[in-house]
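> Pasting in a structure now, in structure tokens, and then I'll have a few things to ask.
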Amino acid sequence: FGDDTEVVGTREPADRAFSFIHNEDFAKNTQYRATVTTGVKSTGGLSLANQKDWVFTTGEKTDQDLPLVVEKSPADDEVGACLNEPIQVVFSEPMSVRTLKVSNIIVTDSDNHQLELGSIVVRNDFTAFTVYPKQSFASNKEYTVTLRSGASDRMGTGIRDACSNPLDGNGNSISDNTPADDYVWHFTTGVQTDCSISLENITPSSGVYAQKPI
């Protein structure tokens, strides 16, 4: 910040957000300034209304804790899940938004057919996401959700936290990589189509839930 040295890294978009992956760790006890200019545009070609600047200062701690899944919906082994219910997941810490993508969130039915997913909505604090299948679930059918873990390097595949630690799907506090560290659960649908809100603390503040505006 003080000498205006630019931090080298890559910028990767993810739906309505982006991540900046710096090539080297930030220096300890150092102040940095981040800027998002009005050169950023929407998919419709509209420029950001105002430039956004903010400043942060690093400390001396490093994050080596592996992220965990702490809550999800539908629940594991749930029976009678709503046919229009989204997949919702809450993590133990902020995640790398660029890794919360459809290639890392896999939903298959009991016939091993993979469902196509829509846009992923990440909560503002980056600790949770919501995603809907593009088509409703079939009635009285078992589904499996797999969250892919991956290598712990900065550019590795798989779901990782904001400091590039891979998802600890088996909860043993060791980076076992995919598939050993994939987080997997199952649920079975019923026939209900009118869904109630599942995890209220991560429901988007506006949009559509179960084909109803919220």
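We label chains A, B, ... in the order they appear in the structure tokens, count residues from 1 in each chain, and number ligands from 1 in the order shown.
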Please provide the set of residues having any atom within 8 Å of Ile105 of chain A, restricted to only C-alpha atoms, with same-chain residues fewer than 5 positions apart removed, written as an MDAnalysis selection string.

chainID A and resid 100 145:148

> With only C-alpha atoms as the counted atoms, please give the residues lying no more than 6 Å from Thr193 of chain A, apart from itself and same-chain residues fewer than 5 positions off, as a list in words.

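So the residues in contact are Cys82, Leu83 and Asn84 of chain A.
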
> Could you write out the selected residues, including all heavy atoms, as a CSV table (one decimal), in the first residue's frame?


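Once written, selection-v9.csv looks like this:
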```csv
chain,number,residue,atom,x,y,z
A,82,CYS,N,-39.1,-32.1,-0.5
A,82,CYS,CA,-39.9,-31.3,-1.4
A,82,CYS,C,-39.3,-31.4,-2.8
A,82,CYS,O,-38.1,-31.4,-3.0
A,82,CYS,CB,-40.1,-29.9,-1.0
A,82,CYS,SG,-41.1,-28.9,-2.1
A,83,LEU,N,-40.2,-31.5,-3.8
A,83,LEU,CA,-39.7,-31.7,-5.2
A,83,LEU,C,-39.0,-30.4,-5.8
A,83,LEU,O,-38.3,-30.5,-6.7
A,83,LEU,CB,-40.8,-32.1,-6.1
A,83,LEU,CG,-41.6,-33.4,-5.7
A,83,LEU,CD1,-42.6,-33.8,-6.8
A,83,LEU,CD2,-40.6,-34.5,-5.6
A,84,ASN,N,-39.4,-29.3,-5.2
A,84,ASN,CA,-38.8,-28.0,-5.6
A,84,ASN,C,-37.8,-27.4,-4.7
A,84,ASN,O,-37.4,-26.3,-4.7
A,84,ASN,CB,-39.9,-27.0,-5.8
A,84,ASN,CG,-40.8,-27.3,-7.0
A,84,ASN,OD1,-40.3,-27.7,-8.1
A,84,ASN,ND2,-42.1,-27.2,-6.8
```

> Set the distance at 10 Å and use only C-alpha atoms: which residues neighbour Asn170 of chain A once local chain neighbours fewer than 3 positions away are removed? I'd like the list as an mmCIF file with N, CA, C and O atoms, in the first residue's frame.


```cif
data_model
loop_
_atom_site.group_PDB
_atom_site.id
_atom_site.type_symbol
_atom_site.label_atom_id
_atom_site.label_comp_id
_atom_site.auth_asym_id
_atom_site.auth_seq_id
_atom_site.Cartn_x
_atom_site.Cartn_y
_atom_site.Cartn_z
ATOM 1 N N LEU A 68 -15.252 -27.236 7.023
ATOM 2 C CA LEU A 68 -16.199 -28.330 7.220
ATOM 3 C C LEU A 68 -17.597 -27.914 6.776
ATOM 4 O O LEU A 68 -17.921 -26.719 6.759
ATOM 5 N N VAL A 69 -18.425 -28.874 6.440
ATOM 6 C CA VAL A 69 -19.851 -28.634 6.248
ATOM 7 C C VAL A 69 -20.514 -28.722 7.620
ATOM 8 O O VAL A 69 -20.363 -29.725 8.325
ATOM 9 N N LEU A 167 -11.730 -28.688 1.255
ATOM 10 C CA LEU A 167 -12.841 -29.168 2.066
ATOM 11 C C LEU A 167 -12.476 -30.470 2.771
ATOM 12 O O LEU A 167 -11.962 -31.407 2.152
ATOM 13 N N SER A 173 -9.601 -33.853 9.843
ATOM 14 C CA SER A 173 -8.606 -32.776 9.979
ATOM 15 C C SER A 173 -7.339 -33.033 9.186
ATOM 16 O O SER A 173 -6.286 -32.461 9.481
ATOM 17 N N ILE A 174 -7.410 -33.913 8.189
ATOM 18 C CA ILE A 174 -6.286 -34.203 7.315
ATOM 19 C C ILE A 174 -6.721 -33.975 5.872
ATOM 20 O O ILE A 174 -7.833 -34.333 5.487
ATOM 21 N N SER A 175 -5.852 -33.369 5.063
ATOM 22 C CA SER A 175 -6.162 -33.142 3.651
ATOM 23 C C SER A 175 -5.955 -34.437 2.874
ATOM 24 O O SER A 175 -4.821 -34.804 2.539
ATOM 25 N N ASP A 176 -7.047 -35.146 2.608
ATOM 26 C CA ASP A 176 -6.989 -36.417 1.891
ATOM 27 C C ASP A 176 -7.309 -36.273 0.405
ATOM 28 O O ASP A 176 -7.226 -37.258 -0.327
ATOM 29 N N PRO A 179 -11.197 -38.549 -3.955
ATOM 30 C CA PRO A 179 -12.574 -38.545 -3.450
ATOM 31 C C PRO A 179 -12.691 -38.771 -1.945
ATOM 32 O O PRO A 179 -13.798 -38.685 -1.407
ATOM 33 N N ALA A 180 -11.564 -39.054 -1.256
ATOM 34 C CA ALA A 180 -11.643 -39.385 0.169
ATOM 35 C C ALA A 180 -12.234 -38.243 0.993
ATOM 36 O O ALA A 180 -12.938 -38.473 1.976
ATOM 37 N N ASP A 181 -11.957 -36.993 0.594
ATOM 38 C CA ASP A 181 -12.446 -35.837 1.346
ATOM 39 C C ASP A 181 -13.700 -35.221 0.733
ATOM 40 O O ASP A 181 -14.108 -34.132 1.142
ATOM 41 N N ASP A 182 -14.300 -35.861 -0.250
ATOM 42 C CA ASP A 182 -15.582 -35.370 -0.766
ATOM 43 C C ASP A 182 -16.634 -35.487 0.330
ATOM 44 O O ASP A 182 -16.619 -36.438 1.122
ATOM 45 N N TYR A 183 -17.547 -34.522 0.373
ATOM 46 C CA TYR A 183 -18.650 -34.586 1.341
ATOM 47 C C TYR A 183 -19.882 -35.101 0.606
ATOM 48 O O TYR A 183 -20.327 -34.500 -0.365
ATOM 49 N N VAL A 184 -20.429 -36.219 1.080
ATOM 50 C CA VAL A 184 -21.515 -36.894 0.379
ATOM 51 C C VAL A 184 -22.688 -37.126 1.327
ATOM 52 O O VAL A 184 -22.491 -37.539 2.480
#
```

> Neighbours of Thr108 of chain A within 6 Å (only C-alpha atoms; same-chain residues fewer than 3 positions away dropped), as a list in words?

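My list of contacting residues is Asn112, His113, Gln114, Leu115, Tyr143 and Thr144 of chain A.
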
> Would you put the residues from that selection into a file with N, CA and C atoms, as an mmCIF file, in the first residue's frame?


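Here's the written file again13.cif:
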```cif
data_model
loop_
_atom_site.group_PDB
_atom_site.id
_atom_site.type_symbol
_atom_site.label_atom_id
_atom_site.label_comp_id
_atom_site.auth_asym_id
_atom_site.auth_seq_id
_atom_site.Cartn_x
_atom_site.Cartn_y
_atom_site.Cartn_z
ATOM 1 N N ASN A 112 -28.143 -43.008 -11.304
ATOM 2 C CA ASN A 112 -26.828 -42.425 -11.600
ATOM 3 C C ASN A 112 -26.888 -41.376 -12.706
ATOM 4 N N HIS A 113 -28.037 -40.729 -12.872
ATOM 5 C CA HIS A 113 -28.163 -39.613 -13.809
ATOM 6 C C HIS A 113 -27.830 -38.319 -13.069
ATOM 7 N N GLN A 114 -26.928 -37.536 -13.624
ATOM 8 C CA GLN A 114 -26.539 -36.289 -12.990
ATOM 9 C C GLN A 114 -27.495 -35.176 -13.369
ATOM 10 N N LEU A 115 -27.961 -34.425 -12.366
ATOM 11 C CA LEU A 115 -28.892 -33.331 -12.605
ATOM 12 C C LEU A 115 -28.134 -32.080 -13.020
ATOM 13 N N TYR A 143 -31.715 -39.335 -4.034
ATOM 14 C CA TYR A 143 -30.691 -38.498 -4.659
ATOM 15 C C TYR A 143 -29.443 -38.462 -3.780
ATOM 16 N N THR A 144 -28.317 -38.265 -4.438
ATOM 17 C CA THR A 144 -27.035 -38.146 -3.749
ATOM 18 C C THR A 144 -26.398 -36.816 -4.117
#
```

> Between A:Thr37, A:Thr57, A:Ser149, A:Thr130, which is the closest to Asn165 of chain A once you count only C-alpha atoms?

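Looking at the shortest contact to Asn165 of chain A, the residue is A:Ser149.
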
> Can you tell me how far atom CA of Gln88 of chain A sits from atom CA of Val131 of chain A, in Å to one decimal?

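Atom CA of Gln88 of chain A sits 6.6 Å away from atom CA of Val131 of chain A.
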
> Would you please work out which residue, of A:Pro74, A:Pro94, A:Gly9, A:Gly150, is nearest to His22 of chain A when using only C-alpha atoms?

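When distances to His22 of chain A are compared using only C-alpha atoms, the smallest one comes from A:Gly9.
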
> Which neighbours of segment 60-67 of chain A fall inside 7 Å, counting only C-alpha atoms, when residues of the same chain fewer than 6 positions from it are skipped, and could you give them as a PyMOL selection string?

chain A and resi 28-29+91-93+161+163+165-168+173

> Could you give me, as a list in words, each residue of segment 124-160 of chain A that DSSP assigns to strand (DSSP E) when run on this structure's backbone?

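Of segment 124-160 of chain A, the ones in strand (DSSP E) are Ala128, Phe129, Thr130, Val131, Tyr132, Pro133, Glu142, Tyr143, Thr144, Val145, Thr146 and Leu147 of chain A.
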
> Can you pull out every residue from segment 71-192 of chain A that DSSP, working from the backbone, puts in helix (DSSP H, G or I), and format the result as a PyMOL selection string?

chain A and resi 97-99+102-104

> Using the selection just defined, write its residues with N, CA, C and O atoms as a short mmCIF file (atom, residue, chain, number, x, y, z; two decimals), in the first residue's frame.


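Output (again_31.cif):
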```cif
data_model
loop_
_atom_site.label_atom_id
_atom_site.label_comp_id
_atom_site.auth_asym_id
_atom_site.auth_seq_id
_atom_site.Cartn_x
_atom_site.Cartn_y
_atom_site.Cartn_z
N VAL A 97 -15.09 -18.31 -3.36
CA VAL A 97 -16.31 -18.30 -4.15
C VAL A 97 -16.11 -18.91 -5.52
O VAL A 97 -17.03 -19.51 -6.09
N ARG A 98 -14.90 -18.84 -6.04
CA ARG A 98 -14.66 -19.39 -7.37
C ARG A 98 -14.73 -20.91 -7.39
O ARG A 98 -14.87 -21.52 -8.45
N THR A 99 -14.59 -21.55 -6.21
CA THR A 99 -14.67 -23.01 -6.15
C THR A 99 -16.08 -23.52 -5.91
O THR A 99 -16.32 -24.73 -6.01
N VAL A 102 -20.69 -25.42 -10.32
CA VAL A 102 -21.47 -26.64 -10.58
C VAL A 102 -20.59 -27.86 -10.81
O VAL A 102 -21.02 -28.99 -10.54
N SER A 103 -19.36 -27.68 -11.25
CA SER A 103 -18.48 -28.84 -11.44
C SER A 103 -18.05 -29.45 -10.11
O SER A 103 -17.57 -30.60 -10.08
N ASN A 104 -18.20 -28.70 -9.03
CA ASN A 104 -17.83 -29.20 -7.70
C ASN A 104 -19.03 -29.57 -6.85
O ASN A 104 -18.87 -30.02 -5.71
#
```

> Between atom CA of Leu117 of chain A and atom CA of Val79 of chain A, what is the distance, to one decimal in Å?

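Rounded to one decimal, the two atoms are 21.4 Å apart.
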
> So how far away is atom CA of Asn124 of chain A from atom CA of Cys195 of chain A, in Å?

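If I compute the distance from atom CA of Cys195 of chain A to atom CA of Asn124 of chain A, I get 23.7 Å.
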
> Counting only C-alpha atoms, which of A:Arg33, A:Lys101, A:Lys134, A:Arg11 gets nearest to Glu116 of chain A?

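The shortest atom-to-atom distance to Glu116 of chain A comes from A:Lys134.
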
> Can you list, as an NGL selection string, every protein, DNA or RNA residue that comes within 6 Å of Gly190 of chain A when you count only C-alpha atoms, leaving out same-chain residues fewer than 5 positions away?

:A and (80-81 or 139-140)
